[in-house]
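Novice: Submitted below is the structure of interest, expressed as structure tokens.
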Amino acid sequence: MTLCRYAIHFIIGFIAPLYLALPATAESVLSKLLPTIVAGEVVDGADGFGAIRLDVPVAPILKAGQPIGWAYIASDFVSTTGYSGKPIHTMVAIDDDAKVIGVQLVKHSEPIVLIGIPDSKIKALVANYRGMDLVAEANAGGTSHELDIISGATVTIMVIDDSIVRSGLKVARALGLGGLAVEEKAAGPQFEVNPDAAAAPDWMTLEGDGTIRRLSLDVGQVNAAFAAMEDPRAAQRALKEAPETTYIEMQAALVSQSAIARSILGDAEAANLGTWLQEGEHAIAIVGKGIYSFKGSGYVRGGIFDRIVLIQDDISVRFHDKQHRRINGLAAEGAPAFNEADLFKIPADTDFDPTKPFRIQLLVQRDVGAIEKVFTTFDLGYQLPQQYLRAVTISPAVEVPEAIAEVTNQTEASAQQALWQRIWLGKKLEIAVLAVMLALLTLVFFFQGIATRNASAFFWFRIGYLTVTLVFLGWYANAQLSVVNLMALFGALVSGFSWQAFLLDPLTFILWFSVAAALLFWGRGAYCGWLCPFGALQELLSRVAKALHIPQWTLPWGLHERLWPLKYMIFLGLFGVSLMSIEQAEHLAEVEPFKTAIILKFVRAWPFVAYVAALLIAGLFVERFYCRYLCPLGAALAIPARLRMFDWLKRYKECGSPCQTCANQCPVQAIHPTGEINPNECVNCLHCQVLYQSKTTCPVVIKKLKRRENVGDVPDLGISDRGFMGHPNQLKSKLN
């Protein structure tokens with residue numbers, strides 16, 4: 001893993017100068033989306049927008065020509081990245097009293113609308129934020145409103161909620177609305193965490209002095225909280241356990257203070273924590289037991305812990321999977337047994353102050369219907385005890401020369417660079433596995449004669465490789481390339497290229513670079529035949545079909561050849577639409593089954609699943625049916641594949657005339673009856689190279705073996721592998 005880390009640092013060091021050398025655009029999201037938004041749909045009665053301010057990306061919203069508030073896009077002020085990896089763009093309008101007068105979900109790429117939840121339902125929920133008082137939110141730390149949740153979209157709704165509140169507070173303070181203003185920060189903090197402070201070694205003392213804080217709830221308290229809600233169904237679904245049963249006992253401690261970390265986690269784990277946290281980052285330890293989990297059983301890799309949120313003033317921090325580590329054991333003497341124990345990282349860019357009070361808010365849910373839930377919250381308050389703090393002398397403000405300030409201030413470009421670097425370093429395992437897969441595949445292609453010499457061994461190697469491609473690259477890492485990536489790349493080149501969007505997904509980025517290199521050497525088959533998860537799924541199902549003796553159909557050559565152009569027509573159609581509207585092209589790109597079968601693992605509305613099922617069923621009879629005739633990505637890769645510099649696949653002069661063995665056995669019918677291999681259709685499965693050396697199938701090899709027998713019993717020097725076709729006397733002379 002150390003070697004992998006060095007490799008990642010090398011890649012980052014190579015890419016970063018390229019990225020920073022590119023011009024960064026300062027254009028706001030608001031300036032891009034404002035022409036497409038109807039003011040009356042955001043605020044009732046509004047008839048237009050004014051000019052966007054130069055200092056803050058907000059625009060006055062007008063009614064009868066007079067400004068009634070300010071409109072902005074939340075993603076201009078806070079991160080709004082959802083499950084899709086793309087921002088959720090929400091327009092918010094607030095008036096001079098810092099009250100929300102309009103909200104509209106403008107654009108998103110969330111999969112929530114693809115699993116049975118109508119987009120209209122999400123938009124209706126967002127519209128309910130009208131009337132929110134941002135002054136009250138500032139006073140309550142962003143929690144004075146009730147959070148409505150749609151079952152199946154909990155995390156996405158929380159991301160939207162968080163972005164509306166935090167961006168609203170930033171805009172209100174920037175414009176001085178509702179009496180809110182940016183707080184003047186002192187020249188230096190009055191207190192700071194004392195790294196030299198000592199902590200008690202036992203759990204009871206740590207609890208007693210406030211180092212560890214506790215939230216204890218029993219079943220009776222939780223039932224009472226739901227009974228007090230307006231929805232009578234919550235009381236009707238009361239828990240049946242005894243009222244004194246522990247519902248949850250949750251305890252927390254700020255372990256970024258070194259002594260607390262050593263006391264609770266032990267010296268070794270505290271040392272690991274020190275390497276995990278970067279400058280300005282903090283961590284809390286949360287442990288719990290009872291019948292309710294603070295993590296939740298629905299938590300999935302790549303998502304957000306939706307039951308807990310850290311709140312300090314108007315700052316809220318929701319923890320992602322990359323900010324989480326499990327605690328294997330508690331080192332403090334007398335530590336109780338807990339069902340779960342975890343560490344959560346507080347990022348540096350949240351402006352969290354460890355010397356100030358904060359709270360961990362626990363979201364508790366209760367089913368009130370088949371798919372409906374109601375929610376309530378409980379708080380665990382925390383204040384780092386005074387013994388871990390030390391006073392800091394406030395120095396008078398010193399004027400910083402402009403030249404030095406420019407050097408020391410972190411630019412937006414460097415902040416973005418730091419973001420994707422953290423993502424790359426956080427995916428060391430995935431990158432390492434992909435690097436091994438690419439290296440292994442490169443060796444197979446360069447030494448294909450050796451790799452394909454043993455037909456049985458190569459068969460099982462290919463089955464194993466495709467299984468890893470499907471399970472690891474596809475279902476686990478979601479590294480499925482798409483024609484949408486190409487359209488997005490073209491759009492970025494036209495509108496102002498930036499590496500940022502592409503670097504945020506390391507596996508996809510590496511795959512595209514490897515595909516670009518492979519196109520020059522081997523054509524499109526390196527990806528389509530080995531690294532495409534959906535292609536792997538089709539071929540593996542085809543192997544199962546053959547094992548079950550499902551009849552295999554071979555289309556007549558004339559029909560097969562005329563079906564080839566379909567995928568090129570689909571690609572050109574999508575490309576043409578993308579020139580007018582990339583969003584429309586993305587919708588039409590649903591012709592690709594990748595999102596349904598690989599990314600969402602068939603968890604979609606039934607028409608999408610039925611479409612993919614039809615393609616896979618067709619593939620049971622015609623191997624790689626979709627790859628052959630419909631795949632626009634394959635068509636897009638086939639076009640530049642014409643530029644490949646080498647022809648690696650070996651052929652005999654008898655291939656195609658008269659021998660048709662390879663043509664008849666090619667899994668995708670990429671070999672013309674005359675013997676030529678069509679590089680646009682070949683998926684580089686190397687089956688023809690297995691046949692090229694087969695002593696039982698290839699007529700040319702069989703003929704050479706018979707000639708060798710006529711010469712006499714001579715050792716096998718692998719001449720057949722080099723395709724020697726001379727006279728027997730020449731063969732005898734060569735052997736001598």
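Letters for chains follow the order of the structure tokens (A, B, ...), residue numbers begin at 1 for each chain, and ligand numbers begin at 1 in the order shown.
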Fewer than 4 positions away in the same chain doesn't count, so skip those; otherwise give me all residues within 7 Å of Ala479 of chain A, counting only C-alpha atoms, as JSON, numbers by chain.

Specialist: {"A": [473, 474, 507, 508]}

Novice: Using only C-alpha atoms, which protein or nucleic acid residues come within 12 Å of segment 50-52 of chain A? Drop anything in the same chain fewer than 4 positions from it, and give the result as a CSV table (one decimal) with C-alpha atoms, in the first residue's frame.

Specialist:
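This is the output file selection-v5.csv:
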chain,number,residue,atom,x,y,z
A,27,GLU,CA,-18.5,32.4,-13.9
A,28,SER,CA,-21.2,31.7,-11.3
A,29,VAL,CA,-23.8,29.0,-11.6
A,30,LEU,CA,-26.4,31.7,-11.3
A,31,SER,CA,-25.2,33.5,-14.4
A,32,LYS,CA,-25.5,30.2,-16.4
A,33,LEU,CA,-28.9,29.1,-15.1
A,34,LEU,CA,-30.7,32.5,-14.7
A,35,PRO,CA,-31.8,32.8,-18.4
A,39,ALA,CA,-39.2,34.3,-11.9
A,46,ALA,CA,-42.7,37.9,-9.7
A,56,VAL,CA,-22.0,38.5,-4.6
A,57,PRO,CA,-23.6,36.1,-7.1
A,58,VAL,CA,-27.2,37.2,-6.3
A,59,ALA,CA,-29.8,38.9,-8.5
A,60,PRO,CA,-32.8,41.1,-7.4
A,61,ILE,CA,-36.1,39.4,-8.1
A,62,LEU,CA,-38.7,41.9,-9.4
A,63,LYS,CA,-42.4,42.3,-9.1
A,64,ALA,CA,-44.0,45.1,-11.2
A,65,GLY,CA,-40.5,46.4,-11.8
A,66,GLN,CA,-39.7,46.7,-8.1
A,67,PRO,CA,-37.2,44.5,-6.2
A,68,ILE,CA,-38.9,42.3,-3.6
A,69,GLY,CA,-36.0,40.1,-2.7
A,70,TRP,CA,-32.7,38.5,-3.7
A,71,ALA,CA,-32.4,35.3,-5.7
A,72,TYR,CA,-29.3,33.0,-5.8
A,73,ILE,CA,-28.3,29.4,-6.5

Novice: Might you pull out every residue within 6 Å of segment 517-532 of chain A, with only C-alpha atoms counted and same-chain residues fewer than 5 positions away left off, and present them as number ranges by chain?

Specialist: A: 469, 637-638, 641, 644-646, 682-685

Novice: Output N, CA and C atoms of each residue in that selection to a file, as a PDB file, in the first residue's frame.

Specialist:
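File produced: result_32.pdb:
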ATOM      1  N   THR A 469     -14.097  -7.529 -13.200  1.00  0.00           N
ATOM      2  CA  THR A 469     -14.569  -6.323 -13.870  1.00  0.00           C
ATOM      3  C   THR A 469     -16.017  -6.025 -13.492  1.00  0.00           C
ATOM      4  N   LEU A 637     -15.935   4.729 -29.512  1.00  0.00           N
ATOM      5  CA  LEU A 637     -14.551   4.275 -29.378  1.00  0.00           C
ATOM      6  C   LEU A 637     -14.025   3.666 -30.666  1.00  0.00           C
ATOM      7  N   ALA A 638     -14.916   3.117 -31.483  1.00  0.00           N
ATOM      8  CA  ALA A 638     -14.479   2.480 -32.723  1.00  0.00           C
ATOM      9  C   ALA A 638     -13.967   3.494 -33.744  1.00  0.00           C
ATOM     10  N   ALA A 641     -10.422   4.348 -33.073  1.00  0.00           N
ATOM     11  CA  ALA A 641      -9.639   3.112 -33.065  1.00  0.00           C
ATOM     12  C   ALA A 641      -9.030   2.825 -34.426  1.00  0.00           C
ATOM     13  N   ARG A 644      -5.183   3.149 -34.739  1.00  0.00           N
ATOM     14  CA  ARG A 644      -4.256   2.296 -34.004  1.00  0.00           C
ATOM     15  C   ARG A 644      -3.012   2.027 -34.850  1.00  0.00           C
ATOM     16  N   MET A 645      -1.873   1.923 -34.159  1.00  0.00           N
ATOM     17  CA  MET A 645      -0.587   1.858 -34.858  1.00  0.00           C
ATOM     18  C   MET A 645      -0.125   0.436 -35.141  1.00  0.00           C
ATOM     19  N   PHE A 646      -0.703  -0.561 -34.491  1.00  0.00           N
ATOM     20  CA  PHE A 646      -0.211  -1.928 -34.619  1.00  0.00           C
ATOM     21  C   PHE A 646      -1.360  -2.893 -34.898  1.00  0.00           C
ATOM     22  N   CYS A 682     -14.198  -5.912 -33.334  1.00  0.00           N
ATOM     23  CA  CYS A 682     -13.434  -6.856 -32.518  1.00  0.00           C
ATOM     24  C   CYS A 682     -13.355  -6.364 -31.078  1.00  0.00           C
ATOM     25  N   VAL A 683     -13.603  -7.270 -30.119  1.00  0.00           N
ATOM     26  CA  VAL A 683     -13.517  -6.921 -28.703  1.00  0.00           C
ATOM     27  C   VAL A 683     -12.255  -7.497 -28.059  1.00  0.00           C
ATOM     28  N   ASN A 684     -11.311  -7.935 -28.885  1.00  0.00           N
ATOM     29  CA  ASN A 684     -10.015  -8.422 -28.400  1.00  0.00           C
ATOM     30  C   ASN A 684     -10.153  -9.507 -27.329  1.00  0.00           C
ATOM     31  N   CYS A 685     -11.097 -10.412 -27.531  1.00  0.00           N
ATOM     32  CA  CYS A 685     -11.238 -11.515 -26.581  1.00  0.00           C
ATOM     33  C   CYS A 685     -10.105 -12.524 -26.723  1.00  0.00           C
TER      34      CYS A 685
END

Novice: Can you pull out the residues contacting Ile94 of chain A? Cut-off 12 Å, using only C-alpha atoms, and skip same-chain residues under 3 positions away; I want them as an MDAnalysis selection string.

Specialist: chainID A and resid 42:43 58:61 67:74 91 97:103 129:135 164:165 167:173 175:178
